[in-house]
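Structure record follows, encoded as C-alpha cells.
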Protein chains: 2
Amino acid sequence: MVESWSFLDTVESNFRPLVVIELAKGTKEETIEWFTKRIVDKKANGGAQLLIKPLVMENGVENIYLVGASHLRLLLGAETVGLVKECSDNSMRTFTYSSRKTFKDFADDNHNFLTMAECQYIIKHELENLRAKNEKMIPGYPQAKLYPGKSIVRRLLTSGILVQIFPLHDREELKKLRHNWYGRVKVGYQPLDDIRCYFGETIALYFGFLEYFTFALIPMAVIGIPYYVFAWEDYDKYVMFATFNLLWSTVILEVWKRICAILTYRWGTLLMKRQFEEPRPGFHGVLGVNPVTGREEPVYSSLKRQLRIYLVSLPFVCLCLYFSLYVMMIYFDLEQWALDYHKDNESNFSSLMLYVPSIIYAVVIEVMNRIYRYAAEFLTSWENHRLESSYQNHLILKVLVFNFLNCFASLFYIAFVLFDMKLLRQSLATLLITSQILNQFAESLLPYWLQKRYNRRMKKRMCSQKTDRDLSIAEQVNMEKEMGTYLGTFDDYLELFLQFGYVSLFSCVYPLAAVFAVLNNITEIYSDALKMCRVYKRPFAEPTANIGVWQLAFETMSVISVVTNCILIGMSPQVDALFPDSKMDLVLTVALVEHLLLAIKFIMAFVIPDKPRDIQMKLAKLEFESLEALKQQVRAFQMQL
Amino acid sequence: MVESWSFLDTVESNFRPLVVIELAKGTKEETIEWFTKRIVDKKANGGAQLLIKPLVMENGVENIYLVGASHLRLLLGAETVGLVKECSDNSMRTFTYSSRKTFKDFADDNHNFLTMAECQYIIKHELENLRAKNEKMIPGYPQAKLYPGKSIVRRLLTSGILVQIFPLHDREELKKLRHNWYGRVKVGYQPLDDIRCYFGETIALYFGFLEYFTFALIPMAVIGIPYYVFAWEDYDKYVMFATFNLLWSTVILEVWKRICAILTYRWGTLLMKRQFEEPRPGFHGVLGVNPVTGREEPVYSSLKRQLRIYLVSLPFVCLCLYFSLYVMMIYFDLEQWALDYHKDNESNFSSLMLYVPSIIYAVVIEVMNRIYRYAAEFLTSWENHRLESSYQNHLILKVLVFNFLNCFASLFYIAFVLFDMKLLRQSLATLLITSQILNQFAESLLPYWLQKRYNRRMKKRMCSQKTDRDLSIAEQVNMEKEMGTYLGTFDDYLELFLQFGYVSLFSCVYPLAAVFAVLNNITEIYSDALKMCRVYKRPFAEPTANIGVWQLAFETMSVISVVTNCILIGMSPQVDALFPDSKMDLVLTVALVEHLLLAIKFIMAFVIPDKPRDIQMKLAKLEFESLEALKQQVRAFQMQL
C-alpha cells in the first residue's frame with residue numbers, strides 16, 4: 001500500500017524500525033491510506049516525513065505498522081524538540097542542525113549520535129504534532145471530527161481507531177543493560193547513564209532518586225540498629241536520634257536537589273526549554289478559540305470544572321476519608337478483641353493472633369488505596385482538565401491526601417489518642433513490613449510471573465525453539481504488543497513517599513523502620529529494574545529536569561514529622577520525669593524546641609543552594625553567551641544604519 | 001573643546017540636556033579630552049555615540065558637562081537595554097528599532113515616545129558600558145589603572161576624577177507631577193503611572209506599595225477603633241481580632257504580588273529580561289579571568305570573603321546585638337526608677353514621667369539604628385562583594401536582624417518574661433509613635449527645610465529674582481548638583497517593615513497600632529513625595545519587576561506574628577479562665593490553634609496564584625508566540641534542505 005518512500009537525503013537502505021503503531025482490526029482501507037500518507041508526506045505539505053512499513057503477520061492481518069526515519073530526519077527532529085547535547089568543549093548546548101559539527105561524537109555517518117530512546121521520542125513528538133489541515137473528520141469515520149490544528153494521532157486514539165503506539169525494545173541493548181543493572185551480583189551504583197539512554201530521563205531520575213534515598217537512609221538505619229539490639233529505652237538517646245533524623249531528612253532533601261541538577265545537567269534536560277503544552281488527549285468541549293494561541297480548539301468552561309471539583313470530587317474524597325476512618329475504627333475493635341482473646345487463653349497461638357488484626361488492616365489499606373486510585377483517576381479525568389500537568393496535579397493531590405490518611409490515621413490515633421507506645425511500635429512494624437511485601441509482590445513479581453507464563457505459551461504456539469535474540473521482528477512485535485503498559489513513575493514515587501512517612505513520622509518510637517526501608521529499597525531496585533526490562537512494554541522517554549511535585553510532597557512530610565516527633569518525645573515518661581514539678585514547663589519546652597527545629601529547617605532549606613557551584617557557573621556562562629549573542633546582533637544591526 | 005558633534009541621522013539642532021556629569025575641579029585637560037572623545041565617538045570605534053556640551057559657569061570654571069543624545073540614538077539604546085513598550089494592539093513587547101512602527105504612539109517625529117526617565121536610563125547605561133579598549137590607565141592619572149573591558153565611568157568614579165553623574169529635572173513636568181501628586185487636596189489614588197514616567201519603576205513601586213499597604217491597614221484600623229473606644233477587654237473579641245489580623249496579613253501580602261504583577265506588566269518591566277550583572281564599582285581584587293565571561297577582570301577569592309564575613313562581620317553583628325540588649329536592660333532600670341518615683345510623689349508630673357523612659361528609649365533606638373546602618377554599610381562594602389545584588393542582600397540581612405532585635409527585643413521581654421500587658425501596651429504605643437515622628441522629621445522635613453534655606457541663599461547670591469521656571473540651565477544645574485542624593489528605597493521599606501512589626505506582632509494587645517500606622521502612612525506619602533520632588537537630586541530610573549527581598553521579609557514577619565499573637569492570647573487571664581482545671585489543656589489548645597493557623601497560612605500562600613489570570617494569559621500568549629517563531633525559524637531552515 002505504501003509504495004513511495006519519502007526521502008530527505010538518500011534512500012534509507014536499511015530501514016530501522018523504531019516505533020510500532022497498532023490500528024484496530026478492521027480499520028477501513030481509506031483511513032489507513034490517508035493516515036500513512038500523512039505520516040510519509042513532506043513537511044512542506046504538512047506531513048511528518050517519516051518512514052512507515054506494514055508488518056505482515058502469519059494470519060495475513062495487516063494492522064501493525066513499523067515507523068522509522070532517515071538519519072537526517074531524526075537530526076532535524078532533534079532540533080525541533082530542542083534536544084540538548086554535549087559539545088566537543090564539554091559544554092551542553094541546544095542541538096541545531098547547522099551547528100551539528102561542534103557536538104561531541106557527531107559524524108555524518110555516526111548513526112549512534114542520537115540514542116535510540118531519543119530517536120523514539122522524536123518520532124513520538126512528530127507523530128503527535130501531525131495536525132489536521134482542512135479535514136473535517138477522519139476519512140471513513142464521520143463521527144471522528146477534526147478541525148484545523150487538531151492532533152490527528154490524538155483523535156485516532158480517542159476514537160479507538162489507533163489501539164496503541166509504543167517504541168520497540170532493542171534486544172541487544174536491553175541485554176547489555178540488564179547485565180550491568182541487575183544481571184550480576186555486585187556492590188555499586190546503578191548504571192544511571194545507561195538507564196537514561198535506554199528508558200529516558202524520567203525513569204532514570206526515579207531510579208536515581210531511589211538509589212540516593214536508599215543511601216541516605218543508611219545512616220538512620222545504622223544509628224537505629226543499636227536501639228533495637230540493646231533495647232535502649234532512655235529517652236535522651238531517642239531525643240538524639242529524632243533530632244538527628246529531622247535535620248538529616250532536611251539535608252537529604254536539599255542535597256537531592258543538587259544531585260538532581262548534576263544529573264539533569266549531564267543529561268541535557270536542565271537546559272531544555274519546555275515545550276508549549278497542548279490539551280491532553282481526553283480533553284473535550286465545544287469548539288472555540290483558545291485566547292492564548294488564537295487557534296480553534298475545544299473549550300471547556302472553567303466554572304463548570306470548578307463546580308465538578310467542589311461539588312462532586314471534594315465531597316467524594318471526604319466520603320472516602322470518612323470511610324477510611326470507619327475502617328480504622330473496625331480495626332481497633334478487632335485489635336481489642338485479639339487482646340481479650342490473648343488474655344483469656346494465653347498461648348503461643350494467641351500471642352501470634354495479636355499480630356493478625358494489624359496484618360489484615362495492612363492488607364485492607366493496600367486494597368483501599370488501589371481501589372481509591374482508580375476512583376481518583378476516573379474523577380480527575382471526568383473533571384476534564386485541559387492540560388496533562390493540571391490533571392496530574394489534581395490526581396496527585398487527591399491520591400496523596402487519601403493515602404496519607406489511610407496509611408497513617410491509625411498510627412496518629414494510637415499515638416496521640418490512645419497514648420499506647422507499645423501498640424504504636426507493633427502497628428508501625430506490621431503496617432510497614434506488610435505493605436512492603438504486598439507491594440513487591442503485586443508490582444513486580446506477579447506481573448513478571450504472568451508475563452513469563454504468557455511468553456512461554458506464545459512461543460509454544462509459534463512452535464519456535466528460538467531464544468529471544470533470534471526472534472524475527474514480527475515475533476518480537478507480536479510479543480511486545482501484548483505486554484503491559486508502564487503507567488509512569490507515579491506509583492513508585494507514592495510507595496517511596498509512604499515509606500518515608502513510616503520512617504520519619506514516628507522515627508523516635510521505632511528506629512528500626514529505617515533498617516526495613518533500606519532492605520526493602522535494595523530489593524525494590526532489583527524488582528523495579530526487572531519490571532522495566534521484562535514485564536512492561538518499553539515506555540517512551542520523557543525528558544524531565546526534576547522529580548516535580550514529589551519534592552514538595554517529601555518536604556511537607558518532613559515538616560509534619562518534626563511536629564509528630566517533638567510531641568512523641570514530649571509524651572515519653574523519661575522526658576516527663578525531667579519536669580517533675582510542672583507539666584507546663586514540659587509542654588512549653590517541647591513547643592520551643594519544635595519551633596526552633598522548624599526555624600532551623602527553613603533556614604537550612606534557604607541557605608543550601610539548589611544547584612552546586614559549578615553547575616551555577618556553567619548556567620551563568622550559557623546565559624552570558626546568549627546575552628552577548630543578542631547584543632552582538634543588536635550592535636551589528638545598528639552599525640548598518 | 002568638543003567641536004565635532006557625532007551624528008547618527010541628522011544634526012540635532014536643539015540639543016536637549018538629559019544628564020549632568022560633574023568632574024573634579026582641576027581635572028587634567030588630557031583626561032577631559034580623552035573622556036569626552038570616548039563619549040562622542042562612534043559605536044563602531046567603541047564610543048558611546050552621545051552628545052556632550054560643556055557648561056560654562058560664571059566663574060569660568062569648566063568642570064560640568066551636559067550629556068544628551070539624538071532621537072535615533074535613544075531609540076537604538078532602548079533596544080540595547082531591552083525596554084518593553086506597548087504595541088498598537090495593546091500587547092507589551094520588547095522594543096526593537098526594526099519593529100518600531102508597530103508600537104503605540106510611535107512616530108519618527110514624536111520625541112515623547114520614550115519618557116525622559118527612560119532616555120536618562122539609556123544614557124546612564126551607555127555611559128556605564130563605555131569600556132576601556134587598550135588603555136592601560138586613565139590618561140593623566142597613571143595610578144587609575146584600566147584593563148580591556150573595564151567600565152571607564154566606574155574607574156573614574158572610584159578614582160575620584162568623576163564627582164557625580166545625575167539626571168536633570170524637568171521643571172515643567174515636575175510641576176505637573178507635584179500638582180497631581182500632592183499639590184491639591186484630594187481623596188484618591190496617587191498618579192502612579194506619572195510617578196513611574198518621571199522617577200522610574202523602583203520608586204513608583206515603592207509608592208504603590210506604600211499606598212496599597214495603607215489601604216490594606218484600614219480594615220484593621222477600623223476594627224481596632226471600637227476596642228479602644230469601648231475599652232473592650234473581652235479576650236474572645238481579641239481572639240477574633242488577632243485571627244482576622246493573621247489571615248488578613250497573609251491575604252494582603254499575596255494580593256500585593258498580584259497587584260505588583262499588574263503594575264509591572266503595564267510598565268513593561270515584568271517582561272524585561274534582566275541584564276548580565278557587572279561587578280559593582282567598589283569591587284577590587286587582583287586581575288584575573290572571570291570563568292563565566294572569560295574576560296579579564298579583578299578576581300577576589302571567595303574564601304577570603306567568607307573569612308571576612310564569619311570572622312569579622314558576624315562577631316561584630318553579635319556584639320551590636322549584645323549592646324542593644326544591654327541598652328534595653330538600662331531602659332528597664334529607668335522604667336523601674338520612674339515607677340518608684342511615681343509611687344513616691346503621685347502627681348500629674350510624675351504620671352507624665354512614666355512615659356519619659358519609653359520616649360528616651362525610642363530615641364536611643366532610632367539613633368542606634370542609624371549608627372548601626374553606617375557600620376553595616378562599611379562592613380558589607382569591606383567584605384568586597386562582586387555583585388551589587390550580593391552586596392545588597394548581605395547589607396539587608398545585617399540591618400534587618402539588628403533592627404528587628406533593637407526595636408522589638410524590649411517588647412518581647414515585657415510580653416514573655418515580665419508578663420506585663422499594661423506596660424507592653426504603653427511601651428508599644430510610645431515606641432511606635434515616637435519612631436514615626438522622628439522618622440518623618442529626620443527623613444523629610446529637616447532636609448526640606450535645609451534645602452529651602454540653601455536655595456534661598458543661592459538665589460540671593462545669584463542676585464536673581466527669577467522664579468524656578470525661569471532659571472537658566474546653568475542655574476538649574478548649579479542648584480541641583482548641590483542637592484542631596486536619594487540613596488534608594490531601602491530606608492523607606494525598612495521603616496514600613498518595622499511599622500508592620502509594631503502592628504502585627506502584638507496586634508491583639510494594642511489594636512490601635514493599625515490606626516496610628518494608617519495616619520502615619522497618609523502623611524508619609526506626602527512627605528516622601530515632597531522629599532522626592534523637592535529635597536533630592538532626581539534619581540536615575542531603575543527598572544524592576546517586584547519589591548524583591550522585602551516581600552520575603554514581610555512574609556517572615558507575618559509568620560512570626562502568628563506565633564507571638566497565639567502566645568499572647570494564650571496568656572490572657574480570660575482565656576486562662578476557660579481552662580480552670582488544666583493549664584495543660586490550655587497550652588495544648590493554643591499550640592494546636594497556632595499550628596492550624598500556620599498551616600492555613602502556607603496553604604493560602606500556595607493556593608492564591610501570584611499573577612492574576614489575565615496577566616498569566618498574556619504572558620502565556622507571548623511565550624507561545626516566541627516558541628512559534630522559533631519553530632517557524634527551524635521549519636524554514638529545514639525546508640531549505
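A note on labels: chains of the C-alpha cells are A, B, ... as shown, every chain counts residues from 1, and ligands are counted from 1 in their shown order.
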
Could you please select, counting only C-alpha atoms, the residues of chain B within 8 Å of chain A and state them as a list in words?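 Matching residues, ligands excluded from the count: Lys43, Ala44, Leu76, Glu79, Thr80, Gln275, Phe276, Pro291, Val292, Thr293, Lys583, Met584, Val587, Leu588, Ala591, Met617, Lys618, Ala620, Lys621, Phe624, Glu625, Leu627, Lys631, Val634, Gln638 and Met639 of chain B.
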
Identify, with DSSP run on backbone atoms, the residues in segment 205-412 of chain B assigned to helix (DSSP H, G or I), and express the list as a ChimeraX atom specification. /B:205-229,235-267,302-344,348-353,356-382,388-412

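Straight-line separation from atom CA of Val327 of chain A to atom CA of Tyr361 of chain A: 8.4 Å.
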
Atom CA of Ala216 of chain A to atom CA of Asp614 of chain A measures 23.0 Å

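Look at segment 139-148 of chain A: the protein and nucleic acid residues within 9 Å of it, using only C-alpha atoms and passing over chain neighbours fewer than 2 places away, are Thr27, Lys28, Glu29, Glu30, Thr31, Ile32, Trp34, Phe35, Arg131, Ala132, Lys133, Asn134, Glu135, Lys136, Met137, Lys150, Ser151, Ile152, Arg155, Leu156, Thr158, Ser159, Leu287, Arg295, Glu296 and Glu297 of chain A.
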
Please, could you write that set of residues out with N, CA and C atoms as a compact mmCIF listing (two decimals), in the first residue's frame?
# COMPACT_ATOMS: atom_id res chain seq x y z
N THR A 27 -9.85 -1.74 10.51
CA THR A 27 -9.84 -0.32 10.18
C THR A 27 -10.00 -0.17 8.67
N LYS A 28 -10.79 0.82 8.25
CA LYS A 28 -11.10 0.95 6.82
C LYS A 28 -9.85 1.27 6.01
N GLU A 29 -9.81 0.77 4.79
CA GLU A 29 -8.68 0.97 3.89
C GLU A 29 -8.36 2.45 3.71
N GLU A 30 -9.43 3.23 3.46
CA GLU A 30 -9.21 4.66 3.13
C GLU A 30 -8.58 5.40 4.32
N THR A 31 -8.95 4.97 5.54
CA THR A 31 -8.37 5.61 6.72
C THR A 31 -6.88 5.30 6.78
N ILE A 32 -6.56 4.02 6.58
CA ILE A 32 -5.16 3.61 6.64
C ILE A 32 -4.35 4.35 5.58
N TRP A 34 -4.99 7.21 4.11
CA TRP A 34 -4.86 8.63 4.45
C TRP A 34 -3.82 8.82 5.56
N PHE A 35 -3.91 8.01 6.61
CA PHE A 35 -3.03 8.16 7.77
C PHE A 35 -1.57 7.91 7.37
N ARG A 131 -0.87 17.40 12.33
CA ARG A 131 -2.12 18.10 12.59
C ARG A 131 -3.05 18.12 11.38
N ALA A 132 -4.33 18.13 11.67
CA ALA A 132 -5.32 18.20 10.60
C ALA A 132 -5.14 19.51 9.85
N LYS A 133 -5.30 19.46 8.53
CA LYS A 133 -5.22 20.69 7.74
C LYS A 133 -6.64 21.22 7.52
N ASN A 134 -7.31 20.66 6.49
CA ASN A 134 -8.71 21.10 6.35
C ASN A 134 -9.66 19.92 6.36
N GLU A 135 -9.17 18.77 6.85
CA GLU A 135 -10.06 17.63 7.02
C GLU A 135 -11.10 17.97 8.09
N LYS A 136 -12.34 17.63 7.81
CA LYS A 136 -13.40 17.90 8.79
C LYS A 136 -13.58 16.69 9.72
N MET A 137 -13.08 15.52 9.25
CA MET A 137 -13.24 14.28 10.02
C MET A 137 -12.18 13.31 9.54
N LYS A 150 -5.92 20.24 14.92
CA LYS A 150 -6.11 19.14 15.87
C LYS A 150 -5.09 18.04 15.60
N SER A 151 -4.50 17.51 16.67
CA SER A 151 -3.54 16.43 16.50
C SER A 151 -4.26 15.18 16.01
N ILE A 152 -3.85 14.66 14.86
CA ILE A 152 -4.52 13.52 14.24
C ILE A 152 -4.39 12.28 15.11
N ARG A 155 -6.76 12.24 18.05
CA ARG A 155 -8.14 11.95 17.66
C ARG A 155 -8.30 10.46 17.33
N LEU A 156 -7.31 9.88 16.64
CA LEU A 156 -7.35 8.45 16.32
C LEU A 156 -7.37 7.62 17.59
N THR A 158 -8.42 8.65 20.69
CA THR A 158 -9.66 8.80 21.46
C THR A 158 -10.83 8.15 20.75
N SER A 159 -10.77 8.02 19.41
CA SER A 159 -11.90 7.37 18.74
C SER A 159 -11.65 5.88 18.55
N LEU A 287 -16.24 23.53 20.38
CA LEU A 287 -15.18 24.16 19.62
C LEU A 287 -15.20 25.67 19.86
N ARG A 295 -5.86 29.70 18.23
CA ARG A 295 -6.25 28.57 17.38
C ARG A 295 -7.61 28.04 17.78
N GLU A 296 -8.26 27.38 16.82
CA GLU A 296 -9.52 26.71 17.10
C GLU A 296 -9.23 25.46 17.90
N GLU A 297 -9.90 25.28 19.00
CA GLU A 297 -9.75 24.03 19.75
C GLU A 297 -10.92 23.92 20.71

Name the residues in contact with Phe408 of chain A at a cut-off of 12 Å, using only C-alpha atoms, excluding same-chain residues fewer than 2 positions from it; report them as a ChimeraX atom specification. /A:321,324-325,328,361-362,365,400-406,410-416,424,427-428,431-432,498-506,557,560-561,564

Determine the nearest neighbour of Val364 of chain B from the options B:Ser435, B:Asn129, B:Asn384, B:Ala221, counting only C-alpha atoms.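 So, comparing all the options, the nearest one is B:Ser435.
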
Might you pull out every residue within 8 Å of Glu480 of chain A, with only C-alpha atoms counted and same-chain residues fewer than 3 positions away left off, and present them as a list in words?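 Here the qualifying residues turn out to be Leu168, Gln476, Val477, Met483 and Lys537 of chain A.
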
Skip segment 255-261 of chain A itself and residues of its chain fewer than 4 positions away, then list as a PyMOL selection string all residues within 10 Å of it, counting only C-alpha atoms. chain A and resi 205+208-209+212-213+216+249-251+265-267+269-270+545-547+551+605+608-613+615-616

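Here atom CA of Trp382 of chain A is placed at a distance of 23.7 Å from atom CA of Gly548 of chain A.
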
Would you mind listing what lies within 9 Å of Arg534 of chain B as number ranges by chain, with only C-alpha atoms counted and same-chain residues fewer than 4 positions away left out? B: 448, 451-452, 529-530
